[in-house]
>>> print(open('data.pdb').read())   # PDB, C-alpha atoms and all ligand atoms
ATOM      1  CA  MET I 168     -90.466 -27.200 -26.861
ATOM      2  CA  GLU I 169     -89.197 -23.598 -26.813
ATOM      3  CA  SER I 170     -92.350 -22.423 -28.557
ATOM      4  CA  LEU I 171     -94.509 -24.222 -25.987
ATOM      5  CA  ARG I 172     -92.480 -22.695 -23.150
ATOM      6  CA  ALA I 173     -92.864 -19.216 -24.652
ATOM      7  CA  HIS I 174     -96.630 -19.640 -24.923
ATOM      8  CA  GLY I 175     -96.732 -21.026 -21.395
ATOM      9  CA  ARG I 176     -94.854 -17.990 -20.066
ATOM     10  CA  ALA I 177     -97.134 -15.630 -22.011
ATOM     11  CA  TYR I 178    -100.463 -17.170 -20.964
ATOM     12  CA  ARG I 179     -99.633 -18.845 -17.605
ATOM     13  CA  PRO I 180    -102.481 -21.381 -17.951
ATOM     14  CA  THR I 181    -103.675 -23.204 -14.862
ATOM     15  CA  HIS I 182    -105.192 -25.977 -17.001
ATOM     16  CA  VAL I 183    -104.009 -27.351 -20.335
ATOM     17  CA  ILE I 184    -106.139 -29.487 -22.685
ATOM     18  CA  ASN I 185    -104.024 -31.025 -25.417
ATOM     19  CA  CYS I 186    -106.203 -31.540 -28.516
ATOM     20  CA  ALA I 187    -103.307 -31.136 -30.953
ATOM     21  CA  ALA I 188    -102.513 -34.253 -32.929
ATOM     22  CA  TYR I 189    -101.453 -35.624 -36.275
ATOM     23  CA  THR I 190    -104.796 -37.227 -37.197
ATOM     24  CA  ALA I 191    -104.384 -38.167 -40.875
ATOM     25  CA  VAL I 192    -104.669 -41.883 -40.096
ATOM     26  CA  ASP I 193    -104.062 -43.073 -43.666
ATOM     27  CA  ARG I 194    -101.295 -40.592 -44.506
ATOM     28  CA  ALA I 195     -99.506 -41.518 -41.284
ATOM     29  CA  GLU I 196     -98.573 -44.849 -42.893
ATOM     30  CA  GLU I 197     -96.522 -42.889 -45.463
ATOM     31  CA  GLU I 198     -95.019 -40.342 -43.073
ATOM     32  CA  PRO I 199     -94.542 -41.984 -39.684
ATOM     33  CA  GLU I 200     -91.861 -39.480 -38.609
ATOM     34  CA  GLN I 201     -94.358 -36.626 -38.706
ATOM     35  CA  ALA I 202     -96.995 -38.664 -36.878
ATOM     36  CA  PHE I 203     -94.584 -39.593 -34.093
ATOM     37  CA  ALA I 204     -93.150 -36.058 -33.926
ATOM     38  CA  VAL I 205     -96.589 -34.616 -33.141
ATOM     39  CA  ASN I 206     -98.345 -37.470 -31.340
ATOM     40  CA  ALA I 207     -95.455 -38.875 -29.300
ATOM     41  CA  GLU I 208     -92.747 -36.206 -28.936
ATOM     42  CA  GLY I 209     -95.354 -33.422 -29.024
ATOM     43  CA  ALA I 210     -97.407 -35.021 -26.248
ATOM     44  CA  GLU I 211     -94.294 -35.381 -24.108
ATOM     45  CA  ASN I 212     -93.351 -31.738 -24.727
ATOM     46  CA  VAL I 213     -96.822 -30.554 -23.732
ATOM     47  CA  GLY I 214     -96.481 -32.672 -20.584
ATOM     48  CA  ARG I 215     -93.097 -31.147 -19.728
ATOM     49  CA  THR I 216     -94.442 -27.629 -20.297
ATOM     50  CA  ALA I 217     -97.551 -28.177 -18.164
ATOM     51  CA  LEU I 218     -95.367 -29.598 -15.410
ATOM     52  CA  GLU I 219     -93.050 -26.572 -15.485
ATOM     53  CA  LEU I 220     -96.083 -24.279 -15.291
ATOM     54  CA  GLY I 221     -97.642 -26.230 -12.443
ATOM     55  CA  ALA I 222    -100.789 -26.611 -14.590
ATOM     56  CA  ARG I 223    -103.242 -29.495 -14.714
ATOM     57  CA  LEU I 224    -103.128 -31.413 -17.988
ATOM     58  CA  LEU I 225    -105.731 -33.369 -19.918
ATOM     59  CA  HIS I 226    -104.579 -35.103 -23.097
ATOM     60  CA  LEU I 227    -106.833 -36.582 -25.780
ATOM     61  CA  SER I 228    -106.153 -40.035 -27.124
ATOM     62  CA  THR I 229    -107.908 -42.694 -29.140
ATOM     63  CA  ASP I 230    -109.374 -46.199 -29.214
ATOM     64  CA  ASP I 231    -106.788 -46.893 -31.945
ATOM     65  CA  VAL I 232    -104.201 -47.526 -29.223
ATOM     66  CA  PHE I 233    -105.833 -50.938 -28.670
ATOM     67  CA  GLY I 234    -105.684 -52.561 -32.084
ATOM     68  CA  GLY I 235    -109.052 -54.271 -31.743
ATOM     69  CA  TYR I 236    -107.891 -57.697 -30.561
ATOM     70  CA  LEU I 237    -110.896 -58.265 -28.233
ATOM     71  CA  ASP I 238    -114.561 -58.932 -28.958
ATOM     72  CA  ARG I 239    -115.797 -57.047 -25.908
ATOM     73  CA  PRO I 240    -115.493 -53.327 -25.078
ATOM     74  CA  PHE I 241    -111.985 -52.186 -24.148
ATOM     75  CA  ARG I 242    -111.358 -51.107 -20.568
ATOM     76  CA  GLU I 243    -108.739 -48.548 -19.596
ATOM     77  CA  ASP I 244    -106.345 -51.195 -18.239
ATOM     78  CA  ASP I 245    -106.550 -53.571 -21.205
ATOM     79  CA  PRO I 246    -103.167 -53.971 -22.945
ATOM     80  CA  CYS I 247    -102.544 -51.767 -25.986
ATOM     81  CA  ARG I 248    -101.555 -53.439 -29.258
ATOM     82  CA  PRO I 249    -101.968 -50.741 -31.941
ATOM     83  CA  ILE I 250    -101.842 -51.972 -35.526
ATOM     84  CA  GLY I 251    -101.186 -48.779 -37.504
ATOM     85  CA  VAL I 252     -98.748 -45.873 -37.376
ATOM     86  CA  TYR I 253    -101.374 -43.464 -36.016
ATOM     87  CA  GLY I 254    -102.345 -45.799 -33.157
ATOM     88  CA  ARG I 255     -98.714 -46.568 -32.345
ATOM     89  CA  SER I 256     -97.790 -42.884 -32.312
ATOM     90  CA  LYS I 257    -100.758 -42.045 -30.054
ATOM     91  CA  ARG I 258     -99.870 -44.897 -27.694
ATOM     92  CA  GLU I 259     -96.253 -43.765 -27.502
ATOM     93  CA  GLY I 260     -97.577 -40.274 -26.745
ATOM     94  CA  GLU I 261     -99.621 -41.616 -23.820
ATOM     95  CA  GLU I 262     -96.585 -43.435 -22.413
ATOM     96  CA  ARG I 263     -94.151 -40.558 -22.863
ATOM     97  CA  LEU I 264     -96.642 -38.127 -21.381
ATOM     98  CA  LEU I 265     -97.254 -40.265 -18.298
ATOM     99  CA  ASP I 266     -93.473 -40.743 -17.874
ATOM    100  CA  VAL I 267     -92.948 -36.988 -17.530
ATOM    101  CA  PHE I 268     -96.319 -36.081 -15.977
ATOM    102  CA  PRO I 269     -97.789 -39.053 -14.076
ATOM    103  CA  ARG I 270    -100.707 -36.960 -12.729
ATOM    104  CA  ALA I 271    -102.001 -36.147 -16.214
ATOM    105  CA  CYS I 272    -105.502 -37.132 -17.277
ATOM    106  CA  ILE I 273    -105.780 -39.022 -20.568
ATOM    107  CA  VAL I 274    -109.187 -39.206 -22.252
ATOM    108  CA  ARG I 275    -109.476 -41.805 -24.992
ATOM    109  CA  THR I 276    -112.374 -41.315 -27.330
ATOM    110  CA  SER I 277    -113.578 -42.642 -30.685
ATOM    111  CA  TRP I 278    -115.274 -41.393 -33.858
ATOM    112  CA  ILE I 279    -115.981 -37.816 -32.812
ATOM    113  CA  PHE I 280    -118.809 -36.220 -34.775
ATOM    114  CA  GLY I 281    -119.992 -32.645 -34.761
ATOM    115  CA  PRO I 282    -120.226 -29.526 -36.894
ATOM    116  CA  GLY I 283    -116.952 -28.444 -38.446
ATOM    117  CA  GLY I 284    -115.025 -31.693 -38.048
ATOM    118  CA  LYS I 285    -113.318 -33.167 -41.079
ATOM    119  CA  ASN I 286    -113.757 -36.924 -40.614
ATOM    120  CA  PHE I 287    -116.430 -38.990 -42.397
ATOM    121  CA  LEU I 288    -119.109 -38.657 -39.704
ATOM    122  CA  SER I 289    -118.633 -34.910 -39.416
ATOM    123  CA  SER I 290    -118.744 -34.590 -43.217
ATOM    124  CA  LEU I 291    -121.996 -36.562 -43.481
ATOM    125  CA  PRO I 292    -124.375 -33.561 -43.496
ATOM    126  CA  PHE I 293    -122.417 -32.080 -46.411
ATOM    127  CA  LEU I 294    -122.402 -35.440 -48.239
ATOM    128  CA  LEU I 295    -126.171 -35.855 -47.767
ATOM    129  CA  ARG I 296    -126.730 -32.364 -49.124
ATOM    130  CA  THR I 297    -124.553 -32.856 -52.196
ATOM    131  CA  GLN I 298    -124.428 -36.541 -53.263
ATOM    132  CA  GLU I 299    -127.266 -38.788 -54.470
ATOM    133  CA  GLU I 300    -125.504 -41.859 -53.175
ATOM    134  CA  VAL I 301    -123.230 -42.063 -50.144
ATOM    135  CA  ARG I 302    -121.038 -45.112 -49.570
ATOM    136  CA  ALA I 303    -120.129 -46.043 -46.017
ATOM    137  CA  THR I 304    -118.420 -49.081 -44.496
ATOM    138  CA  ALA I 305    -120.650 -51.455 -42.567
ATOM    139  CA  GLU I 306    -117.845 -53.546 -41.124
ATOM    140  CA  GLN I 307    -115.961 -51.551 -38.518
ATOM    141  CA  VAL I 308    -117.768 -51.281 -35.200
ATOM    142  CA  ARG I 309    -117.122 -48.367 -32.829
ATOM    143  CA  ARG I 310    -118.854 -46.052 -30.382
ATOM    144  CA  ALA I 311    -119.319 -42.637 -31.982
ATOM    145  CA  THR I 312    -118.927 -39.575 -29.767
ATOM    146  CA  TYR I 313    -120.928 -36.383 -30.017
ATOM    147  CA  VAL I 314    -118.432 -33.567 -29.686
ATOM    148  CA  ARG I 315    -120.479 -31.485 -27.213
ATOM    149  CA  ASP I 316    -120.787 -34.442 -24.840
ATOM    150  CA  LEU I 317    -117.066 -35.048 -25.152
ATOM    151  CA  ALA I 318    -116.315 -31.392 -24.419
ATOM    152  CA  ALA I 319    -118.529 -31.468 -21.315
ATOM    153  CA  ALA I 320    -116.862 -34.664 -20.066
ATOM    154  CA  VAL I 321    -113.403 -33.216 -20.705
ATOM    155  CA  LEU I 322    -114.191 -30.195 -18.547
ATOM    156  CA  ASP I 323    -115.527 -32.433 -15.776
ATOM    157  CA  LEU I 324    -112.476 -34.718 -15.911
ATOM    158  CA  LEU I 325    -109.940 -31.901 -16.116
ATOM    159  CA  CYS I 326    -108.793 -32.195 -12.513
ATOM    160  CA  HIS I 327    -108.675 -35.991 -12.438
ATOM    161  CA  THR I 328    -105.672 -38.246 -12.852
ATOM    162  CA  GLY I 329    -105.473 -41.408 -14.920
ATOM    163  CA  VAL I 330    -106.908 -42.814 -18.134
ATOM    164  CA  TYR I 331    -110.634 -42.535 -18.951
ATOM    165  CA  HIS I 332    -112.724 -43.663 -21.905
ATOM    166  CA  VAL I 333    -115.394 -41.249 -23.141
ATOM    167  CA  ALA I 334    -117.799 -42.103 -25.984
ATOM    168  CA  SER I 335    -121.513 -41.849 -26.675
ATOM    169  CA  HIS I 336    -123.514 -45.026 -26.089
ATOM    170  CA  GLY I 337    -124.518 -47.387 -28.888
ATOM    171  CA  GLU I 338    -122.137 -49.541 -30.912
ATOM    172  CA  THR I 339    -122.423 -48.597 -34.566
ATOM    173  CA  THR I 340    -120.808 -48.474 -38.005
ATOM    174  CA  ARG I 341    -120.371 -45.582 -40.421
ATOM    175  CA  TYR I 342    -123.100 -47.139 -42.583
ATOM    176  CA  HIS I 343    -125.636 -47.321 -39.732
ATOM    177  CA  MET I 344    -124.910 -43.754 -38.680
ATOM    178  CA  ALA I 345    -125.327 -42.507 -42.244
ATOM    179  CA  VAL I 346    -128.657 -44.338 -42.592
ATOM    180  CA  ALA I 347    -129.872 -42.943 -39.258
ATOM    181  CA  LEU I 348    -128.908 -39.380 -40.172
ATOM    182  CA  LEU I 349    -130.541 -39.635 -43.612
ATOM    183  CA  ARG I 350    -133.778 -40.939 -42.005
ATOM    184  CA  ALA I 351    -133.667 -38.136 -39.453
ATOM    185  CA  VAL I 352    -133.235 -35.367 -42.035
ATOM    186  CA  GLU I 353    -135.961 -36.900 -44.238
ATOM    187  CA  LYS I 354    -138.311 -37.030 -41.260
ATOM    188  CA  GLU I 355    -137.658 -33.343 -40.613
ATOM    189  CA  GLN I 356    -138.159 -32.699 -44.345
ATOM    190  CA  LEU I 357    -134.813 -30.976 -44.562
ATOM    191  CA  PRO I 358    -133.350 -30.432 -48.023
ATOM    192  CA  VAL I 359    -131.039 -33.286 -49.070
ATOM    193  CA  VAL I 360    -129.899 -34.630 -52.423
ATOM    194  CA  CYS I 361    -128.988 -38.077 -51.093
ATOM    195  CA  ARG I 362    -131.415 -40.896 -51.953
ATOM    196  CA  ARG I 363    -129.583 -43.916 -50.592
ATOM    197  CA  ILE I 364    -126.718 -45.022 -48.386
ATOM    198  CA  VAL I 365    -124.746 -47.939 -49.811
ATOM    199  CA  ALA I 366    -123.103 -50.423 -47.456
ATOM    200  CA  ALA I 367    -119.487 -50.641 -48.539
ATOM    201  CA  SER I 368    -116.663 -52.945 -47.555
ATOM    202  CA  VAL I 369    -113.266 -51.855 -46.283
ATOM    203  CA  ARG I 370    -111.959 -53.602 -49.423
ATOM    204  CA  ASP I 371    -113.651 -50.827 -51.450
ATOM    205  CA  PHE I 372    -111.197 -48.363 -49.857
ATOM    206  CA  PRO I 373    -107.879 -50.106 -50.518
ATOM    207  CA  LYS I 374    -105.429 -47.283 -49.826
ATOM    208  CA  THR I 375    -106.102 -47.063 -46.130
ATOM    209  CA  ALA I 376    -104.252 -47.760 -42.920
ATOM    210  CA  PRO I 377    -105.038 -51.011 -41.108
ATOM    211  CA  ARG I 378    -108.109 -50.580 -38.925
ATOM    212  CA  SER I 379    -109.590 -53.082 -36.525
ATOM    213  CA  ASP I 380    -113.066 -54.538 -37.082
ATOM    214  CA  TYR I 381    -114.102 -53.979 -33.495
ATOM    215  CA  SER I 382    -112.818 -51.162 -31.303
ATOM    216  CA  VAL I 383    -115.474 -50.273 -28.771
ATOM    217  CA  LEU I 384    -114.611 -48.339 -25.615
ATOM    218  CA  ASP I 385    -115.989 -49.310 -22.211
ATOM    219  CA  THR I 386    -116.881 -45.997 -20.551
ATOM    220  CA  ARG I 387    -117.994 -47.179 -17.102
ATOM    221  CA  LYS I 388    -114.936 -45.800 -15.291
ATOM    222  CA  ALA I 389    -115.526 -42.260 -16.600
ATOM    223  CA  GLU I 390    -119.266 -42.529 -15.942
ATOM    224  CA  GLY I 391    -118.514 -43.493 -12.345
ATOM    225  CA  VAL I 392    -116.470 -40.324 -11.881
ATOM    226  CA  LEU I 393    -118.893 -38.118 -13.822
ATOM    227  CA  GLY I 394    -121.819 -39.522 -11.849
ATOM    228  CA  LYS I 395    -123.922 -39.971 -14.976
ATOM    229  CA  THR I 396    -124.327 -42.099 -18.060
ATOM    230  CA  LEU I 397    -123.023 -40.661 -21.308
ATOM    231  CA  GLY I 398    -125.748 -40.057 -23.905
ATOM    232  CA  ARG I 399    -126.632 -42.220 -26.919
ATOM    233  CA  TRP I 400    -125.429 -40.988 -30.319
ATOM    234  CA  GLN I 401    -128.941 -41.561 -31.706
ATOM    235  CA  ASP I 402    -130.296 -38.986 -29.264
ATOM    236  CA  ARG I 403    -127.800 -36.379 -30.477
ATOM    237  CA  LEU I 404    -128.731 -36.474 -34.167
ATOM    238  CA  LYS I 405    -131.446 -33.837 -33.905
ATOM    239  CA  GLU I 406    -129.123 -31.365 -32.184
ATOM    240  CA  TYR I 407    -126.390 -32.234 -34.679
ATOM    241  CA  MET I 408    -128.763 -31.513 -37.601
ATOM    242  CA  THR I 409    -129.658 -28.152 -36.101
ATOM    243  CA  GLN I 410    -126.011 -27.258 -35.620
ATOM    244  CA  CYS I 411    -125.213 -28.176 -39.209
ATOM    245  CA  ALA I 412    -127.934 -25.861 -40.552
ATOM    246  CA  PHE I 413    -129.457 -28.122 -43.208
TER     247      PHE I 413
HETATM  248  N1  LIG I 501    -111.768 -37.111 -34.605
HETATM  249  C1  LIG I 501    -111.904 -38.305 -34.065
HETATM  250  O1  LIG I 501    -112.788 -39.088 -34.447
HETATM  251  C2  LIG I 501    -111.009 -38.744 -32.930
HETATM  252  C3  LIG I 501    -111.183 -40.026 -32.403
HETATM  253  C4  LIG I 501    -110.394 -40.436 -31.331
HETATM  254  C5  LIG I 501    -109.442 -39.576 -30.799
HETATM  255  N2  LIG I 501    -109.267 -38.340 -31.355
HETATM  256  C6  LIG I 501    -108.251 -37.470 -30.753
HETATM  257  O2  LIG I 501    -108.865 -36.251 -30.415
HETATM  258  C7  LIG I 501    -107.921 -35.192 -30.563
HETATM  259  C8  LIG I 501    -108.505 -34.117 -31.481
HETATM  260  O3  LIG I 501    -108.785 -34.729 -32.744
HETATM  261  P1  LIG I 501    -109.501 -33.916 -33.916
HETATM  262  O4  LIG I 501    -110.361 -34.863 -34.638
HETATM  263  O5  LIG I 501    -110.047 -32.641 -33.394
HETATM  264  O6  LIG I 501    -108.247 -33.632 -34.826
HETATM  265  P2  LIG I 501    -108.035 -32.504 -35.934
HETATM  266  O7  LIG I 501    -109.335 -31.976 -36.401
HETATM  267  O8  LIG I 501    -107.087 -33.094 -36.923
HETATM  268  O9  LIG I 501    -107.315 -31.371 -35.107
HETATM  269  C9  LIG I 501    -105.991 -31.541 -34.687
HETATM  270  C10 LIG I 501    -105.442 -30.192 -34.326
HETATM  271  O10 LIG I 501    -104.068 -30.359 -33.984
HETATM  272  C11 LIG I 501    -103.355 -29.287 -34.551
HETATM  273  N3  LIG I 501    -101.958 -29.661 -34.749
HETATM  274  C12 LIG I 501    -101.458 -30.625 -35.541
HETATM  275  N4  LIG I 501    -100.116 -30.655 -35.458
HETATM  276  C13 LIG I 501     -99.758 -29.667 -34.592
HETATM  277  C14 LIG I 501     -98.528 -29.185 -34.093
HETATM  278  N5  LIG I 501     -97.368 -29.738 -34.453
HETATM  279  N6  LIG I 501     -98.541 -28.153 -33.229
HETATM  280  C15 LIG I 501     -99.717 -27.595 -32.858
HETATM  281  N7  LIG I 501    -100.920 -28.007 -33.290
HETATM  282  C16 LIG I 501    -100.933 -29.028 -34.149
HETATM  283  C17 LIG I 501    -104.061 -29.015 -35.864
HETATM  284  O11 LIG I 501    -103.778 -27.726 -36.290
HETATM  285  P3  LIG I 501    -103.901 -27.351 -37.860
HETATM  286  O12 LIG I 501    -105.340 -27.469 -38.202
HETATM  287  O13 LIG I 501    -103.372 -25.974 -37.903
HETATM  288  O14 LIG I 501    -103.054 -28.351 -38.582
HETATM  289  C18 LIG I 501    -105.517 -29.177 -35.468
HETATM  290  O15 LIG I 501    -106.042 -27.968 -34.963
HETATM  291  C19 LIG I 501    -106.639 -35.826 -31.093
HETATM  292  O16 LIG I 501    -105.798 -36.105 -30.022
HETATM  293  C20 LIG I 501    -107.107 -37.138 -31.708
HETATM  294  O17 LIG I 501    -106.098 -38.116 -31.691
HETATM  295  C21 LIG I 501    -110.026 -37.901 -32.413
END
>>> encode(input="data.pdb", output="structure tokens")
Amino acid sequence: MESLRAHGRAYRPTHVINCAAYTAVDRAEEEPEQAFAVNAEGAENVGRTALELGARLLHLSTDDVFGGYLDRPFREDDPCRPIGVYGRSKREGEERLLDVFPRACIVRTSWIFGPGGKNFLSSLPFLLRTQEEVRATAEQVRRATYVRDLAAAVLDLLCHTGVYHVASHGETTRYHMAVALLRAVEKEQLPVVCRRIVAASVRDFPKTAPRSDYSVLDTRKAEGVLGKTLGRWQDRLKEYMTQCAF
């Protein structure tokens, strides 16, 4: 908290975007204290600091707060029933943040992909360049989110209050995204080593945190405020390929 205050005094921001998080979803199961320290207590501390500074605050959160108990897209006011440590810590962060800073904006997103990220979708270009066979789960359904579209939406939502869902259109799985990206790079005749994508089961990755089968965000509320429809992930692959410099 003191460190945040010191930075606040030094920079005097008018707007704060909190992207900091403990995001090691699997490791969080083994070290819940660290996950809650960053995602719950940390979010509250950022909220307190922004309040003291009189700054606007936008905080990033995740579809994992829901726990995937529905078979239709999740709306902002659907109850949260997270099933893993990461989701629980992020949900507690949302609640603690809104307790101290009710005018904050919370943007929940899912499966961010873009150059430089470290999750599976962001690592795909590297995997296609270096592995003959790439295994990807075909069971968990989400909306992926192109990072540039997320960044643009975050800037547009910065002065709003409340919870908003932001994700690119098109329900998908890691397997279907990997297949689509491989087809796209082959079509462009870009250099890849990968010859096939193998549909894997979550059972092939046993040491993982519990993840829901279906966790799709309904983005209509954000689109109403933004005055436009968010793009489809399929339409972002070409730009993504260019950014990744195949
Ligand atoms: N990636 C996704 O698919 C996804 C999906 C849904 C929601 N989100 C949410 O989006 C936000 C950004 O995620 P991301 O994928 O960009 O995560 P990321 O790549 O893991 O980045 C998290 C950042 O938080 C910083 N951080 C961690 N603990 C900190 C602490 N105690 N103090 C200050 N900084 C700290 C990390 O710094 P170091 O690198 O120095 O550790 C890192 O820069 C998070 O709120 C996440 O929950 C992400």
>>> residues_near_ligand(input="data.pdb", ligand="ligand LIG 501 (chain I)", cutoff="6 Å", atoms="all atoms listed in the file", output="list in words")
Cys186, Ala187, Ala188, Tyr189, Thr190, Val205, Leu227, Ser228, Thr229, Thr276, Ser277, Trp278, Ile279 and Gly284 of chain I
>>> write_last_selection(input="data.pdb", atoms="C-alpha atoms", output="compact mmCIF listing (two decimals), in the coordinates of the input")
# COMPACT_ATOMS: atom_id res chain seq x y z
CA CYS I 186 -106.20 -31.54 -28.52
CA ALA I 187 -103.31 -31.14 -30.95
CA ALA I 188 -102.51 -34.25 -32.93
CA TYR I 189 -101.45 -35.62 -36.28
CA THR I 190 -104.80 -37.23 -37.20
CA VAL I 205 -96.59 -34.62 -33.14
CA LEU I 227 -106.83 -36.58 -25.78
CA SER I 228 -106.15 -40.03 -27.12
CA THR I 229 -107.91 -42.69 -29.14
CA THR I 276 -112.37 -41.32 -27.33
CA SER I 277 -113.58 -42.64 -30.68
CA TRP I 278 -115.27 -41.39 -33.86
CA ILE I 279 -115.98 -37.82 -32.81
CA GLY I 284 -115.02 -31.69 -38.05
>>> residues_around(input="data.pdb", residues="stretch 239-242 of chain I", least_positions_apart="3", cutoff="8 Å", atoms="all atoms listed in the file", output="ChimeraX atom specification")
/I:233,245,332,382-386
>>> write_last_selection(input="data.pdb", atoms="C-alpha atoms", output="PDB file, in the frame of the given file")
ATOM      1  CA  PHE I 233    -105.833 -50.938 -28.670  1.00  0.00           C
ATOM      2  CA  ASP I 245    -106.550 -53.571 -21.205  1.00  0.00           C
ATOM      3  CA  HIS I 332    -112.724 -43.663 -21.905  1.00  0.00           C
ATOM      4  CA  SER I 382    -112.818 -51.162 -31.303  1.00  0.00           C
ATOM      5  CA  VAL I 383    -115.474 -50.273 -28.771  1.00  0.00           C
ATOM      6  CA  LEU I 384    -114.611 -48.339 -25.615  1.00  0.00           C
ATOM      7  CA  ASP I 385    -115.989 -49.310 -22.211  1.00  0.00           C
ATOM      8  CA  THR I 386    -116.881 -45.997 -20.551  1.00  0.00           C
TER       9      THR I 386
END
>>> resolve_selection(input="data.pdb", expression="the PyMOL selection byres (((chain I and resi 314) around 12) and not hetatm)", output="number ranges by chain")
I: 276-284, 288-289, 311-313, 315-321, 333-335, 397-398, 400, 403-404, 406-407, 410
>>> closest_residue(input="data.pdb", among="I:Ala210, I:Val267, I:Leu324, I:Ala351", to="I:Lys388", atoms="all atoms listed in the file")
I:Leu324
>>> residues_around(input="data.pdb", residues="stretch 192-197 of chain I", least_positions_apart="4", cutoff="8 Å", atoms="only C-alpha atoms", output="PDB file with C-alpha atoms, in the coordinates of the input")
ATOM      1  CA  GLN I 201     -94.358 -36.626 -38.706  1.00  0.00           C
ATOM      2  CA  ALA I 202     -96.995 -38.664 -36.878  1.00  0.00           C
ATOM      3  CA  GLY I 251    -101.186 -48.779 -37.504  1.00  0.00           C
ATOM      4  CA  VAL I 252     -98.748 -45.873 -37.376  1.00  0.00           C
ATOM      5  CA  TYR I 253    -101.374 -43.464 -36.016  1.00  0.00           C
ATOM      6  CA  LYS I 374    -105.429 -47.283 -49.826  1.00  0.00           C
ATOM      7  CA  THR I 375    -106.102 -47.063 -46.130  1.00  0.00           C
ATOM      8  CA  ALA I 376    -104.252 -47.760 -42.920  1.00  0.00           C
TER       9      ALA I 376
END
>>> resolve_selection(input="data.pdb", expression="the PyMOL selection byres (((chain I and resi 295-304) around 9) and not hetatm)", output="number ranges by chain")
I: 287, 290-294, 305-307, 340-343, 345, 348-349, 358-369, 371, 413
>>> atom_distance(input="data.pdb", atom1="atom CA of I:Cys326", atom2="atom CA of I:His182")
8.5 Å
>>> closest_residue(input="data.pdb", among="I:Pro199, I:Gly329, I:Gly221, I:Pro249", to="I:Ile273", atoms="only C-alpha atoms")
I:Gly329
>>> atom_distance(input="data.pdb", atom1="atom CA of I:Lys257", atom2="atom CA of I:Asp230")
9.6 Å
>>> resolve_selection(input="data.pdb", expression="the PyMOL selection byres (((chain I and resi 172) around 10) and not hetatm)", output="list in words")
Met168, Glu169, Ser170, Leu171, Ala173, His174, Gly175, Arg176, Ala177, Tyr178, Arg179, Asn212, Val213, Arg215, Thr216, Ala217, Glu219 and Leu220 of chain I
>>> axis_aligned_box(input="data.pdb", around="stretch 171-184 of chain I", padding_each_side="6 Å", output="lines of an AutoDock Vina configuration file")
center_x = -99.3
center_y = -22.6
center_z = -20.4
size_x = 25.7
size_y = 25.9
size_z = 23.1
>>> closest_residue(input="data.pdb", among="I:Tyr236, I:Glu353, I:Lys395, I:Lys405", to="I:Asp323", atoms="all atoms listed in the file")
I:Lys395
>>> atom_distance(input="data.pdb", atom1="atom CA of I:Arg378", atom2="atom CA of I:Tyr331")
21.7 Å
>>> closest_residue(input="data.pdb", among="I:Pro246, I:Gly214, I:Gly209, I:Gly391", to="I:Phe268", atoms="only C-alpha atoms")
I:Gly214
>>> decode(input="data.pdb", residues="stretch 272-280 of chain I", atoms="N, CA, C and O atoms", output="PDB file, in the first residue's frame")
ATOM      1  N   CYS I 272     -14.503   1.052 -12.715  1.00  0.00           N
ATOM      2  CA  CYS I 272     -14.966   0.282 -13.874  1.00  0.00           C
ATOM      3  C   CYS I 272     -14.217  -1.054 -13.862  1.00  0.00           C
ATOM      4  O   CYS I 272     -12.991  -1.073 -13.748  1.00  0.00           O
ATOM      5  N   ILE I 273     -14.953  -2.135 -13.954  1.00  0.00           N
ATOM      6  CA  ILE I 273     -14.329  -3.466 -14.019  1.00  0.00           C
ATOM      7  C   ILE I 273     -14.599  -4.048 -15.402  1.00  0.00           C
ATOM      8  O   ILE I 273     -15.750  -4.123 -15.836  1.00  0.00           O
ATOM      9  N   VAL I 274     -13.541  -4.421 -16.093  1.00  0.00           N
ATOM     10  CA  VAL I 274     -13.675  -5.048 -17.417  1.00  0.00           C
ATOM     11  C   VAL I 274     -13.269  -6.513 -17.300  1.00  0.00           C
ATOM     12  O   VAL I 274     -12.114  -6.823 -17.008  1.00  0.00           O
ATOM     13  N   ARG I 275     -14.247  -7.385 -17.476  1.00  0.00           N
ATOM     14  CA  ARG I 275     -13.933  -8.825 -17.497  1.00  0.00           C
ATOM     15  C   ARG I 275     -13.682  -9.244 -18.940  1.00  0.00           C
ATOM     16  O   ARG I 275     -14.466  -8.904 -19.826  1.00  0.00           O
ATOM     17  N   THR I 276     -12.610  -9.983 -19.125  1.00  0.00           N
ATOM     18  CA  THR I 276     -12.303 -10.454 -20.464  1.00  0.00           C
ATOM     19  C   THR I 276     -11.912 -11.922 -20.405  1.00  0.00           C
ATOM     20  O   THR I 276     -11.905 -12.531 -19.324  1.00  0.00           O
ATOM     21  N   SER I 277     -11.611 -12.516 -21.569  1.00  0.00           N
ATOM     22  CA  SER I 277     -11.272 -13.939 -21.585  1.00  0.00           C
ATOM     23  C   SER I 277     -10.277 -14.228 -22.703  1.00  0.00           C
ATOM     24  O   SER I 277     -10.313 -13.591 -23.759  1.00  0.00           O
ATOM     25  N   TRP I 278      -9.381 -15.150 -22.450  1.00  0.00           N
ATOM     26  CA  TRP I 278      -8.428 -15.666 -23.439  1.00  0.00           C
ATOM     27  C   TRP I 278      -7.843 -14.566 -24.323  1.00  0.00           C
ATOM     28  O   TRP I 278      -8.049 -14.525 -25.546  1.00  0.00           O
ATOM     29  N   ILE I 279      -7.084 -13.680 -23.703  1.00  0.00           N
ATOM     30  CA  ILE I 279      -6.422 -12.615 -24.469  1.00  0.00           C
ATOM     31  C   ILE I 279      -5.353 -13.237 -25.363  1.00  0.00           C
ATOM     32  O   ILE I 279      -4.594 -14.103 -24.925  1.00  0.00           O
ATOM     33  N   PHE I 280      -5.306 -12.824 -26.622  1.00  0.00           N
ATOM     34  CA  PHE I 280      -4.182 -13.247 -27.466  1.00  0.00           C
ATOM     35  C   PHE I 280      -3.586 -12.045 -28.182  1.00  0.00           C
ATOM     36  O   PHE I 280      -4.279 -11.103 -28.539  1.00  0.00           O
TER      37      PHE I 280
END
